[in-house]
file target34.csv (CSV, C-alpha atoms and all ligand atoms)
chain,number,residue,atom,x,y,z
L,164,MET,CA,12.2,59.8,-26.0
L,165,ILE,CA,10.1,60.0,-22.8
L,166,ARG,CA,6.6,58.8,-22.3
L,167,TYR,CA,4.2,58.3,-19.4
L,168,LEU,CA,0.9,56.8,-18.6
L,169,THR,CA,-1.3,57.5,-15.6
L,170,ALA,CA,-3.8,55.3,-13.9
L,171,GLY,CA,-6.3,55.7,-11.0
L,172,GLU,CA,-9.8,57.0,-10.2
L,173,SER,CA,-10.7,60.1,-8.4
L,174,HIS,CA,-12.0,58.2,-5.3
L,175,GLY,CA,-9.9,55.0,-5.9
L,176,ARG,CA,-7.0,54.1,-3.7
L,177,GLN,CA,-4.3,56.0,-5.5
L,178,LEU,CA,-3.1,57.7,-8.7
L,179,THR,CA,-0.1,56.1,-10.4
L,180,ALA,CA,2.2,57.4,-13.1
L,181,ILE,CA,4.9,55.5,-14.9
L,182,LEU,CA,7.4,57.7,-16.5
L,183,ASP,CA,9.8,56.1,-18.9
L,184,GLY,CA,13.0,57.3,-20.6
L,185,ILE,CA,14.4,59.7,-18.0
L,186,PRO,CA,18.2,59.4,-18.3
L,187,SER,CA,20.2,58.0,-15.3
L,188,GLY,CA,22.0,60.4,-13.0
L,189,LEU,CA,19.3,63.0,-12.5
L,190,GLN,CA,19.1,64.1,-8.9
L,191,LEU,CA,15.5,63.6,-7.7
L,192,GLY,CA,13.9,63.8,-4.3
L,193,LEU,CA,10.3,63.8,-3.0
L,194,LYS,CA,10.5,67.5,-2.3
L,195,ASP,CA,11.0,68.3,-6.0
L,196,ILE,CA,7.6,66.8,-6.7
L,197,ASP,CA,5.7,67.6,-3.5
L,198,ALA,CA,6.2,71.3,-3.9
L,199,ASP,CA,4.3,71.3,-7.2
L,200,LEU,CA,1.6,68.9,-5.9
L,201,LYS,CA,1.0,71.5,-3.2
L,202,ARG,CA,0.9,74.4,-5.7
L,203,ARG,CA,-1.7,72.4,-7.7
L,204,GLN,CA,-4.0,72.1,-4.7
L,205,GLY,CA,-4.1,75.8,-4.0
L,206,GLY,CA,-6.2,78.5,-5.4
L,207,TYR,CA,-9.2,80.5,-4.1
L,208,GLY,CA,-12.4,78.8,-5.3
L,209,ARG,CA,-11.5,75.2,-4.7
L,210,GLY,CA,-14.1,72.9,-3.1
L,211,ASP,CA,-14.1,70.9,0.1
L,212,ARG,CA,-12.2,67.9,-1.4
L,213,MET,CA,-9.0,69.9,-1.2
L,214,LYS,CA,-9.4,70.0,2.6
L,215,ILE,CA,-9.3,66.2,2.6
L,216,GLU,CA,-6.4,65.6,0.3
L,217,SER,CA,-2.8,66.8,1.0
L,218,ASP,CA,-1.0,65.3,-1.9
L,219,LYS,CA,2.4,63.8,-1.4
L,220,VAL,CA,4.2,61.5,-3.8
L,221,SER,CA,5.9,58.1,-3.2
L,222,ILE,CA,8.6,57.1,-5.7
L,223,VAL,CA,8.5,53.3,-5.9
L,224,SER,CA,10.8,52.6,-8.8
L,225,GLY,CA,13.5,54.2,-11.0
L,226,VAL,CA,15.3,56.2,-8.3
L,227,ARG,CA,18.0,54.9,-6.0
L,228,PHE,CA,20.1,56.9,-3.4
L,229,GLY,CA,18.6,60.2,-4.7
L,230,LYS,CA,19.3,59.7,-8.4
L,231,THR,CA,17.4,58.3,-11.3
L,232,THR,CA,18.8,54.9,-12.6
L,233,GLY,CA,17.4,55.1,-16.1
L,234,ALA,CA,14.7,52.6,-15.3
L,235,PRO,CA,11.0,53.5,-15.4
L,236,ILE,CA,10.0,55.9,-12.6
L,237,THR,CA,6.8,55.0,-10.8
L,238,LEU,CA,5.1,57.8,-8.9
L,239,ILE,CA,2.2,57.2,-6.5
L,240,ILE,CA,-0.2,59.6,-4.9
L,241,GLU,CA,-2.7,58.3,-2.4
L,242,ASN,CA,-6.3,59.5,-2.4
L,243,LYS,CA,-7.0,60.2,1.2
L,244,ASP,CA,-10.8,60.4,0.5
L,245,ASN,CA,-10.7,56.8,-0.5
L,246,VAL,CA,-11.3,55.7,3.1
L,247,SER,CA,-14.9,56.8,2.7
L,248,TRP,CA,-15.2,55.2,-0.7
L,249,ARG,CA,-13.7,51.7,-0.2
L,250,LYS,CA,-17.0,49.9,-0.7
L,251,LYS,CA,-18.3,52.2,-3.4
L,252,MET,CA,-15.1,51.8,-5.4
L,253,SER,CA,-14.6,48.1,-4.6
L,254,ILE,CA,-13.3,45.7,-7.3
L,255,TYR,CA,-15.5,42.9,-5.9
L,256,LYS,CA,-18.8,41.9,-7.5
L,257,LYS,CA,-20.3,41.2,-4.1
L,258,ASP,CA,-20.1,44.9,-3.2
L,259,SER,CA,-22.1,46.0,-6.3
L,260,ASP,CA,-25.0,48.2,-5.3
L,261,GLU,CA,-27.4,49.5,-8.0
L,262,SER,CA,-28.9,51.9,-5.5
L,263,ILE,CA,-25.7,54.1,-5.7
L,264,PHE,CA,-25.5,54.1,-9.5
L,265,ILE,CA,-25.3,57.6,-11.1
L,266,THR,CA,-27.8,57.9,-13.9
L,267,LYS,CA,-28.0,61.6,-14.3
L,268,PRO,CA,-25.4,63.0,-16.7
L,269,ARG,CA,-24.0,66.5,-16.1
L,270,PRO,CA,-24.1,68.8,-19.2
L,271,GLY,CA,-20.5,69.6,-20.2
L,272,HIS,CA,-19.0,66.5,-18.6
L,273,ALA,CA,-17.8,63.2,-20.1
L,274,ASP,CA,-20.8,61.5,-18.4
L,275,LEU,CA,-23.3,61.0,-21.2
L,276,THR,CA,-20.9,60.1,-24.1
L,277,GLY,CA,-18.8,58.0,-21.8
L,278,HIS,CA,-21.9,56.0,-20.7
L,279,ILE,CA,-22.9,55.4,-24.3
L,280,LYS,CA,-19.4,54.6,-25.6
L,281,TYR,CA,-18.3,52.3,-22.7
L,282,ASP,CA,-21.8,50.8,-22.2
L,283,GLN,CA,-21.7,51.6,-18.5
L,284,PRO,CA,-25.0,51.7,-16.6
L,285,ASP,CA,-23.3,53.6,-13.7
L,286,ILE,CA,-22.0,57.0,-14.8
L,287,ARG,CA,-19.5,56.8,-11.9
L,288,ASN,CA,-17.4,54.5,-14.0
L,289,ILE,CA,-16.9,57.4,-16.4
L,290,LEU,CA,-16.7,60.3,-14.1
L,291,GLU,CA,-14.1,58.7,-11.7
L,292,ARG,CA,-11.5,58.7,-14.5
L,293,SER,CA,-12.5,61.8,-16.4
L,294,SER,CA,-12.2,63.8,-13.1
L,295,ALA,CA,-9.4,66.3,-12.9
L,296,ARG,CA,-8.1,64.5,-9.9
L,297,GLU,CA,-5.9,62.6,-12.5
L,298,THR,CA,-3.9,65.8,-13.0
L,299,ALA,CA,-2.2,65.3,-9.7
L,300,ALA,CA,-0.3,62.4,-11.3
L,301,ARG,CA,0.5,64.5,-14.3
L,302,VAL,CA,1.9,67.3,-12.1
L,303,ALA,CA,4.2,64.7,-10.5
L,304,VAL,CA,5.4,63.7,-13.9
L,305,GLY,CA,5.9,67.3,-14.9
L,306,ALA,CA,7.9,68.0,-11.8
L,307,VAL,CA,10.4,65.4,-12.8
L,308,ALA,CA,10.6,66.9,-16.3
L,309,LYS,CA,11.0,70.4,-14.7
L,310,LYS,CA,13.9,69.1,-12.6
L,311,LEU,CA,15.6,67.8,-15.7
L,312,LEU,CA,15.1,71.1,-17.5
L,313,LYS,CA,16.3,73.1,-14.6
L,314,THR,CA,19.7,71.4,-14.9
L,315,PHE,CA,20.0,73.0,-18.3
L,316,GLY,CA,18.7,76.5,-17.2
L,317,ILE,CA,15.2,76.0,-18.6
L,318,GLU,CA,12.3,77.1,-16.4
L,319,VAL,CA,8.5,76.6,-16.8
L,320,ILE,CA,6.3,79.1,-15.1
L,321,SER,CA,2.6,80.2,-15.2
L,322,THR,CA,0.3,83.0,-14.4
L,323,VAL,CA,-3.5,83.5,-14.5
L,324,LEU,CA,-4.6,86.1,-17.1
L,325,SER,CA,-8.3,86.1,-16.4
L,326,ILE,CA,-11.1,84.6,-14.4
L,327,GLY,CA,-14.8,85.1,-15.4
L,328,ASN,CA,-14.4,88.1,-17.6
L,329,ILE,CA,-12.0,89.9,-15.2
L,330,ARG,CA,-8.5,90.3,-16.8
L,331,ALA,CA,-5.2,90.9,-15.1
L,332,ASP,CA,-3.3,93.9,-16.4
L,333,LEU,CA,0.3,92.9,-16.8
L,334,ASN,CA,1.4,96.1,-18.5
L,335,GLY,CA,4.8,97.4,-17.4
L,336,LEU,CA,5.6,94.3,-15.4
L,337,THR,CA,8.7,92.2,-16.1
L,338,ILE,CA,8.3,88.5,-16.4
L,339,ASP,CA,10.3,88.1,-13.1
L,340,LYS,CA,8.0,90.5,-11.4
L,341,ILE,CA,4.9,88.7,-12.8
L,342,ASN,CA,6.3,85.4,-11.6
L,343,GLU,CA,7.1,86.7,-8.1
L,344,LEU,CA,3.6,88.3,-7.7
L,345,THR,CA,1.9,85.2,-9.1
L,346,GLU,CA,3.6,82.8,-6.6
L,347,ARG,CA,2.3,85.0,-3.7
L,348,SER,CA,-1.2,85.2,-5.0
L,349,ASP,CA,-4.2,83.1,-4.0
L,350,LEU,CA,-5.4,83.1,-7.6
L,351,ARG,CA,-1.9,82.8,-9.2
L,352,THR,CA,-2.4,86.2,-10.8
L,353,ALA,CA,0.0,89.2,-10.8
L,354,ASP,CA,-2.6,92.0,-10.7
L,355,ARG,CA,-3.7,92.6,-7.1
L,356,GLY,CA,-6.6,94.8,-8.1
L,357,ALA,CA,-7.9,92.2,-10.6
L,358,GLU,CA,-7.4,89.5,-8.0
L,359,GLU,CA,-9.7,91.2,-5.5
L,360,LYS,CA,-12.4,91.5,-8.2
L,361,MET,CA,-11.8,87.9,-9.3
L,362,LYS,CA,-12.3,86.7,-5.7
L,363,ARG,CA,-15.6,88.6,-5.4
L,364,ARG,CA,-16.7,87.1,-8.7
L,365,ILE,CA,-15.9,83.6,-7.4
L,366,ASP,CA,-17.8,84.3,-4.2
L,367,ARG,CA,-20.8,85.4,-6.2
L,368,ALA,CA,-20.6,82.3,-8.5
L,369,LYS,CA,-20.4,80.1,-5.5
L,370,LYS,CA,-23.4,81.7,-3.9
L,371,ASP,CA,-25.3,81.3,-7.2
L,372,GLY,CA,-24.3,77.6,-7.5
L,373,ASP,CA,-22.3,78.5,-10.6
L,374,SER,CA,-18.7,78.0,-11.8
L,375,LEU,CA,-16.1,80.1,-13.6
L,376,GLY,CA,-13.4,79.5,-16.2
L,377,GLY,CA,-10.6,81.7,-17.4
L,378,ILE,CA,-7.3,82.0,-19.2
L,379,PHE,CA,-3.8,81.1,-17.9
L,380,ARG,CA,-0.4,81.5,-19.5
L,381,VAL,CA,2.5,79.1,-19.4
L,382,THR,CA,5.9,80.5,-20.2
L,383,VAL,CA,9.0,78.4,-20.9
L,384,ARG,CA,12.2,80.4,-20.4
L,385,GLY,CA,15.7,79.4,-21.5
L,386,ALA,CA,14.8,76.8,-24.1
L,387,PRO,CA,17.6,76.8,-26.8
L,388,ALA,CA,16.8,77.3,-30.5
L,389,GLY,CA,16.1,74.1,-32.3
L,390,LEU,CA,13.7,72.0,-30.1
L,391,GLY,CA,11.1,70.3,-32.3
L,392,SER,CA,11.4,70.2,-36.1
L,393,HIS,CA,9.8,71.6,-39.2
L,394,THR,CA,10.4,68.3,-41.1
L,395,GLN,CA,7.3,66.3,-40.0
L,396,TYR,CA,3.9,67.2,-38.6
L,397,ASP,CA,4.4,65.1,-35.4
L,398,LYS,CA,7.7,66.6,-34.6
L,399,LYS,CA,6.5,70.3,-34.5
L,400,LEU,CA,7.0,71.6,-31.0
L,401,ASP,CA,3.9,73.9,-31.1
L,402,ALA,CA,1.8,70.9,-32.3
L,403,LYS,CA,3.1,68.8,-29.4
L,404,LEU,CA,2.5,71.5,-26.9
L,405,ALA,CA,-1.0,72.2,-28.2
L,406,PHE,CA,-1.8,68.5,-27.9
L,407,ALA,CA,-0.4,68.4,-24.3
L,408,MET,CA,-2.4,71.5,-23.2
L,409,MET,CA,-5.6,70.4,-24.9
L,410,SER,CA,-5.3,67.0,-23.0
L,411,ILE,CA,-5.8,68.8,-19.7
L,412,GLN,CA,-9.3,68.4,-18.4
L,413,ALA,CA,-11.6,71.4,-19.3
L,414,ILE,CA,-9.1,73.1,-21.6
L,415,LYS,CA,-10.9,74.4,-24.7
L,416,GLY,CA,-8.3,76.4,-26.6
L,417,VAL,CA,-4.6,77.1,-26.9
L,418,GLU,CA,-2.7,79.9,-28.6
L,419,PHE,CA,1.0,80.8,-28.9
L,420,GLY,CA,2.3,84.3,-28.7
L,421,LEU,CA,0.0,86.7,-30.5
L,422,GLY,CA,-2.3,83.7,-31.2
L,423,PHE,CA,-5.7,84.7,-32.5
L,424,LYS,CA,-4.7,88.4,-32.7
L,425,TYR,CA,-2.5,87.4,-35.7
L,426,ALA,CA,-5.8,87.6,-37.7
L,427,ASP,CA,-6.1,91.4,-37.0
L,428,SER,CA,-2.9,92.7,-38.7
L,429,PRO,CA,-0.9,92.5,-41.9
L,430,GLY,CA,2.2,90.3,-42.0
L,431,SER,CA,4.5,93.4,-42.0
L,432,LYS,CA,3.2,94.4,-38.6
L,433,VAL,CA,3.4,91.0,-36.8
L,434,HIS,CA,6.5,89.1,-37.9
L,435,ASP,CA,9.4,89.4,-35.5
L,436,GLU,CA,12.3,91.0,-37.4
L,437,ILE,CA,15.8,89.5,-37.2
L,438,PHE,CA,18.9,91.4,-36.0
L,439,TYR,CA,22.5,90.5,-35.4
L,440,GLY,CA,25.0,91.8,-32.9
L,441,THR,CA,28.6,90.6,-32.6
L,442,LYS,CA,28.1,89.9,-28.8
L,443,ARG,CA,24.5,88.7,-28.9
L,444,GLY,CA,24.5,86.9,-32.2
L,445,TYR,CA,21.0,86.7,-33.8
L,446,TYR,CA,18.3,88.4,-31.9
L,447,LYS,CA,14.7,89.8,-32.2
L,448,LYS,CA,13.1,92.9,-30.7
L,449,SER,CA,9.6,91.3,-30.4
L,450,ASN,CA,8.2,87.8,-29.7
L,451,ASN,CA,4.9,87.7,-31.4
L,452,ALA,CA,5.6,84.2,-32.5
L,453,GLY,CA,5.6,83.1,-28.9
L,454,GLY,CA,9.1,81.5,-29.1
L,455,ILE,CA,8.2,79.0,-31.9
L,456,GLU,CA,8.7,79.4,-35.7
L,457,GLY,CA,8.4,76.5,-38.1
L,458,GLY,CA,7.6,74.1,-35.3
L,459,MET,CA,11.0,74.8,-33.6
L,460,SER,CA,11.9,76.8,-30.5
L,461,ASN,CA,13.7,79.9,-31.6
L,462,SER,CA,15.4,80.7,-28.2
L,463,GLU,CA,12.8,83.3,-27.2
L,464,ASP,CA,10.4,82.6,-24.4
L,465,ILE,CA,7.8,80.1,-25.4
L,466,VAL,CA,4.4,81.7,-24.5
L,467,ILE,CA,1.3,79.6,-24.4
L,468,ASN,CA,-2.2,80.8,-23.4
L,469,CYS,CA,-4.9,78.3,-22.6
L,470,VAL,CA,-8.6,78.8,-21.9
L,471,MET,CA,-10.4,76.7,-19.4
L,472,LYS,CA,-14.1,76.3,-19.5
L,473,PRO,CA,-16.2,76.8,-16.3
L,474,ILE,CA,-16.3,73.5,-14.4
L,475,PRO,CA,-19.4,71.5,-15.5
L,476,THR,CA,-20.4,70.3,-12.0
L,477,LEU,CA,-22.8,72.9,-10.9
L,478,TYR,CA,-25.1,73.4,-7.9
L,479,LYS,CA,-27.3,75.5,-10.2
L,480,PRO,CA,-29.6,73.2,-12.1
L,481,LEU,CA,-29.2,72.7,-15.9
L,482,ASN,CA,-31.4,70.6,-18.1
L,483,SER,CA,-30.4,67.0,-18.5
L,484,VAL,CA,-32.0,63.5,-19.1
L,485,ASP,CA,-31.9,60.5,-16.8
L,486,ILE,CA,-30.3,57.5,-18.7
L,487,VAL,CA,-32.8,55.0,-17.1
L,488,THR,CA,-36.1,56.9,-17.1
L,489,LYS,CA,-35.2,59.1,-20.1
L,490,LYS,CA,-37.1,61.8,-18.2
L,491,GLY,CA,-35.7,65.3,-18.0
L,492,PHE,CA,-34.4,66.6,-14.7
L,493,LYS,CA,-32.5,69.5,-13.3
L,494,ALA,CA,-28.9,68.4,-12.7
L,495,THR,CA,-28.1,67.1,-9.3
L,496,VAL,CA,-25.9,68.6,-6.7
L,497,GLU,CA,-22.4,67.2,-6.5
L,498,ARG,CA,-19.4,68.5,-4.5
L,499,SER,CA,-17.2,70.5,-6.7
L,500,ASP,CA,-14.8,73.5,-7.2
L,501,THR,CA,-16.2,76.9,-8.2
L,502,CYS,CA,-13.1,77.8,-10.0
L,503,ALA,CA,-9.9,75.8,-10.7
L,504,VAL,CA,-8.1,78.1,-13.1
L,505,PRO,CA,-5.1,78.6,-10.8
L,506,ALA,CA,-4.7,74.8,-10.4
L,507,ALA,CA,-5.0,74.4,-14.2
L,508,ALA,CA,-2.1,76.8,-14.6
L,509,VAL,CA,0.1,74.6,-12.5
L,510,ILE,CA,-1.1,71.6,-14.5
L,511,GLY,CA,-0.3,73.5,-17.7
L,512,GLU,CA,3.3,74.0,-16.5
L,513,ALA,CA,3.6,70.2,-16.0
L,514,ALA,CA,2.1,69.4,-19.4
L,515,ALA,CA,4.5,71.9,-21.1
L,516,ALA,CA,7.5,70.8,-19.1
L,517,PHE,CA,7.0,67.2,-20.2
L,518,GLU,CA,6.8,68.1,-23.9
L,519,ILE,CA,9.9,70.4,-23.7
L,520,ALA,CA,11.8,67.7,-21.8
L,521,ASP,CA,10.9,65.2,-24.5
L,522,ALA,CA,12.0,67.6,-27.3
L,523,PHE,CA,15.2,68.4,-25.3
L,524,LEU,CA,16.1,64.7,-24.9
L,525,THR,CA,15.3,64.1,-28.6
L,526,LYS,CA,17.9,66.7,-29.5
L,527,PHE,CA,20.5,66.0,-26.9
L,528,SER,CA,19.7,62.3,-26.4
L,529,SER,CA,21.4,59.9,-24.1
L,530,ASP,CA,20.8,57.3,-21.5
L,531,ASN,CA,22.7,59.2,-18.9
L,532,MET,CA,22.8,62.8,-17.7
L,533,LYS,CA,26.6,63.2,-18.1
L,534,GLU,CA,26.3,62.6,-21.8
L,535,VAL,CA,23.2,64.8,-22.2
L,536,LYS,CA,25.2,67.6,-20.6
L,537,ARG,CA,28.2,67.0,-23.0
L,538,ASN,CA,25.8,67.1,-26.0
L,539,PHE,CA,24.1,70.3,-24.8
L,540,SER,CA,27.5,72.0,-24.1
L,541,ALA,CA,28.7,71.2,-27.6
L,542,TYR,CA,25.5,72.6,-29.1
L,543,LYS,CA,25.9,75.8,-27.1
L,544,ARG,CA,29.5,76.2,-28.3
L,545,TYR,CA,28.2,75.7,-31.9
L,546,ILE,CA,25.5,78.4,-31.4
L,547,ARG,CA,28.0,80.8,-29.9
L,548,SER,CA,30.3,80.3,-32.9
L,549,LEU,CA,27.7,81.5,-35.4
L,601,LIG,C1,-13.7,66.9,-9.7
L,601,LIG,C2,-14.5,67.1,-8.6
L,601,LIG,C3,-14.0,67.4,-7.3
L,601,LIG,C4,-12.7,68.0,-7.3
L,601,LIG,C5,-11.8,67.1,-8.2
L,601,LIG,C6,-12.2,67.2,-9.6
L,601,LIG,O1,-13.8,66.2,-6.5
L,601,LIG,P1,-14.9,65.5,-5.6
L,601,LIG,O2,-15.9,64.9,-6.6
L,601,LIG,O3,-14.2,64.5,-4.8
L,601,LIG,O4,-15.5,66.6,-4.8
L,601,LIG,O5,-12.1,68.3,-6.1
L,601,LIG,O6,-10.5,67.6,-8.1
L,601,LIG,C7,-9.6,66.9,-7.3
L,601,LIG,C8,-9.9,65.9,-6.5
L,601,LIG,C9,-8.2,67.3,-7.5
L,601,LIG,O7,-7.3,66.7,-6.8
L,601,LIG,O8,-8.0,68.3,-8.3
L,601,LIG,C10,-14.2,66.6,-11.0
L,601,LIG,O9,-15.3,66.2,-11.1
L,601,LIG,O10,-13.4,66.7,-12.0

call {"tool": "encode", "arguments": {"input": "target34.csv", "output": "structure tokens"}}
result
Amino acid sequence: MIRYLTAGESHGRQLTAILDGIPSGLQLGLKDIDADLKRRQGGYGRGDRMKIESDKVSIVSGVRFGKTTGAPITLIIENKDNVSWRKKMSIYKKDSDESIFITKPRPGHADLTGHIKYDQPDIRNILERSSARETAARVAVGAVAKKLLKTFGIEVISTVLSIGNIRADLNGLTIDKINELTERSDLRTADRGAEEKMKRRIDRAKKDGDSLGGIFRVTVRGAPAGLGSHTQYDKKLDAKLAFAMMSIQAIKGVEFGLGFKYADSPGSKVHDEIFYGTKRGYYKKSNNAGGIEGGMSNSEDIVINCVMKPIPTLYKPLNSVDIVTKKGFKATVERSDTCAVPAAAVIGEAAAAFEIADAFLTKFSSDNMKEVKRNFSAYKRYIRSL
């Protein structure tokens, strides 16, 4: 139902996203998007680039007088750093300069395979686009999806579960409390004790020229039963969400609900039993499934955990081979973040929000918000009648 593309290089002029299929009549302002762009830029452990950028969106199509028109929405975010990169990122042949070519691929990055696949003598042509800078555009798209979902009482939130090998203890905390503590935390985590330890671990990694990964959780609250479908592989909601999360730079694994822990227990211990109450209708007392059964949302919270690898741009040298001389070297120093797990959590919200909005509009489809609302209300009446 909805789709988007992004374009733009990390040090190019701007990032652009075109979002197609959002119904007409959705109230949308710059503030809705800028708030999430700011959240993405935060997080203890970010590098100096974030001191240069202060991301703000421009909406250049698809919105008029504060509401979507149904036409494609074009979102633009400027790269402030581009002023120092104009010549190095020039589109003109006359500005070409072999002396600035990057020939030393970083282990763990797209550099080497991108150089081979695209036949590019300058690795910059790969790294500019594989850079996580692109996620600013995706967060802008996700913010529009979130705005749409909010109209229907659906919320997408995130929290950081671990950084390095330090885990947050969320025992005894309600999801509202977790969210409140997360939004006030420099590391987007709800455990203050763990946060202090994580910060010290990040400080140490920075001093050592190293980087750290971690795990974050994205939770979708208020999704009705029946988003996605069991009938075809590419309609399954968990499959679509997993694809979306895995498409985020540096994400190496995704699990839903109990996830990999499903392997440890027999079926009788892990499947969420079904109950019925005259007021509540069908309900469950556990949510090991993480809100999705048979590729469909089941009305419980959708719980997605993602692991982010440590960022591959390191000050600490790792073995690599120069693509011109074919000689070994110890990887070069590049400006980078030490840890970007809190930012990845915000990006995860955006990726999930887009997929949920797509599944929502597939189910309650229309070209205009009024009709989507009518369709959704009728479905809610049907669910209440069961
Ligand atoms: C990134 C390297 C750093 C990060 C960047 C992602 O940029 P630079 O090379 O300019 O120092 O700051 O992330 C962002 C710019 C951003 O907005 O998140 C990389 O190599 O992926």

call {"tool": "residues_near_ligand", "arguments": {"input": "target34.csv", "ligand": "ligand LIG 601 (chain L)", "cutoff": "7 Å", "atoms": "all atoms listed in the file", "output": "PDB file with C-alpha atoms, in the frame of the given file"}}
result
ATOM      1  CA  SER L 173     -10.700  60.100  -8.400  1.00  0.00           C
ATOM      2  CA  HIS L 174     -12.000  58.200  -5.300  1.00  0.00           C
ATOM      3  CA  GLN L 204      -4.000  72.100  -4.700  1.00  0.00           C
ATOM      4  CA  GLY L 210     -14.100  72.900  -3.100  1.00  0.00           C
ATOM      5  CA  ASP L 211     -14.100  70.900   0.100  1.00  0.00           C
ATOM      6  CA  ARG L 212     -12.200  67.900  -1.400  1.00  0.00           C
ATOM      7  CA  MET L 213      -9.000  69.900  -1.200  1.00  0.00           C
ATOM      8  CA  LEU L 290     -16.700  60.300 -14.100  1.00  0.00           C
ATOM      9  CA  SER L 293     -12.500  61.800 -16.400  1.00  0.00           C
ATOM     10  CA  SER L 294     -12.200  63.800 -13.100  1.00  0.00           C
ATOM     11  CA  ALA L 295      -9.400  66.300 -12.900  1.00  0.00           C
ATOM     12  CA  ARG L 296      -8.100  64.500  -9.900  1.00  0.00           C
ATOM     13  CA  THR L 298      -3.900  65.800 -13.000  1.00  0.00           C
ATOM     14  CA  ALA L 299      -2.200  65.300  -9.700  1.00  0.00           C
ATOM     15  CA  THR L 476     -20.400  70.300 -12.000  1.00  0.00           C
ATOM     16  CA  GLU L 497     -22.400  67.200  -6.500  1.00  0.00           C
ATOM     17  CA  ARG L 498     -19.400  68.500  -4.500  1.00  0.00           C
ATOM     18  CA  SER L 499     -17.200  70.500  -6.700  1.00  0.00           C
ATOM     19  CA  ASP L 500     -14.800  73.500  -7.200  1.00  0.00           C
TER      20      ASP L 500
END

call {"tool": "atom_distance", "arguments": {"input": "target34.csv", "atom1": "CA of Phe419 in chain L", "atom2": "CA of Gly453 in chain L"}}
result
5.1 Å

call {"tool": "residues_around", "arguments": {"input": "target34.csv", "residues": "Thr382 in chain L", "least_positions_apart": "6", "cutoff": "7 Å", "atoms": "all atoms listed in the file", "output": "JSON, numbers by chain"}}
result
{"L": [319, 320, 321, 464, 465, 466, 467]}

call {"tool": "residues_around", "arguments": {"input": "target34.csv", "residues": "range 246-248 of chain L", "least_positions_apart": "4", "cutoff": "9 Å", "atoms": "all atoms listed in the file", "output": "ChimeraX atom specification"}}
result
/L:174-176,242,252-253

call {"tool": "atom_distance", "arguments": {"input": "target34.csv", "atom1": "CA of Lys309 in chain L", "atom2": "CA of Arg292 in chain L"}}
result
25.4 Å

call {"tool": "closest_residue", "arguments": {"input": "target34.csv", "among": "L:Ile326, L:Ile181, L:Leu400, L:Ala513", "to": "Leu200 in chain L", "atoms": "only C-alpha atoms"}}
result
L:Ala513

call {"tool": "residues_around", "arguments": {"input": "target34.csv", "residues": "Ala300 in chain L", "least_positions_apart": "5", "cutoff": "10 Å", "atoms": "all atoms listed in the file", "output": "MDAnalysis selection string"}}
result
chainID L and resid 168:171 177:181 200 218 220 238:240 305:306 510 513

call {"tool": "closest_residue", "arguments": {"input": "target34.csv", "among": "L:Ile341, L:Asp366, L:Leu189, L:Arg547", "to": "Thr441 in chain L", "atoms": "all atoms listed in the file"}}
result
L:Arg547

call {"tool": "residues_around", "arguments": {"input": "target34.csv", "residues": "Ser483 in chain L", "least_positions_apart": "4", "cutoff": "10 Å", "atoms": "all atoms listed in the file", "output": "mmCIF file with C-alpha atoms, in the frame of the given file"}}
result
data_model
loop_
_atom_site.group_PDB
_atom_site.id
_atom_site.type_symbol
_atom_site.label_atom_id
_atom_site.label_comp_id
_atom_site.auth_asym_id
_atom_site.auth_seq_id
_atom_site.Cartn_x
_atom_site.Cartn_y
_atom_site.Cartn_z
ATOM 1 C CA LYS L 267 -28.000 61.600 -14.300
ATOM 2 C CA PRO L 268 -25.400 63.000 -16.700
ATOM 3 C CA ARG L 269 -24.000 66.500 -16.100
ATOM 4 C CA PRO L 270 -24.100 68.800 -19.200
ATOM 5 C CA LEU L 275 -23.300 61.000 -21.200
ATOM 6 C CA LYS L 489 -35.200 59.100 -20.100
ATOM 7 C CA LYS L 490 -37.100 61.800 -18.200
ATOM 8 C CA GLY L 491 -35.700 65.300 -18.000
ATOM 9 C CA PHE L 492 -34.400 66.600 -14.700
ATOM 10 C CA LYS L 493 -32.500 69.500 -13.300
ATOM 11 C CA ALA L 494 -28.900 68.400 -12.700
ATOM 12 C CA THR L 495 -28.100 67.100 -9.300
#

call {"tool": "atom_distance", "arguments": {"input": "target34.csv", "atom1": "CA of Gly376 in chain L", "atom2": "CA of Gly327 in chain L"}}
result
5.8 Å

call {"tool": "closest_residue", "arguments": {"input": "target34.csv", "among": "L:Gly372, L:Gly335, L:Pro429, L:Gly454", "to": "Ala353 in chain L", "atoms": "all atoms listed in the file"}}
result
L:Gly335
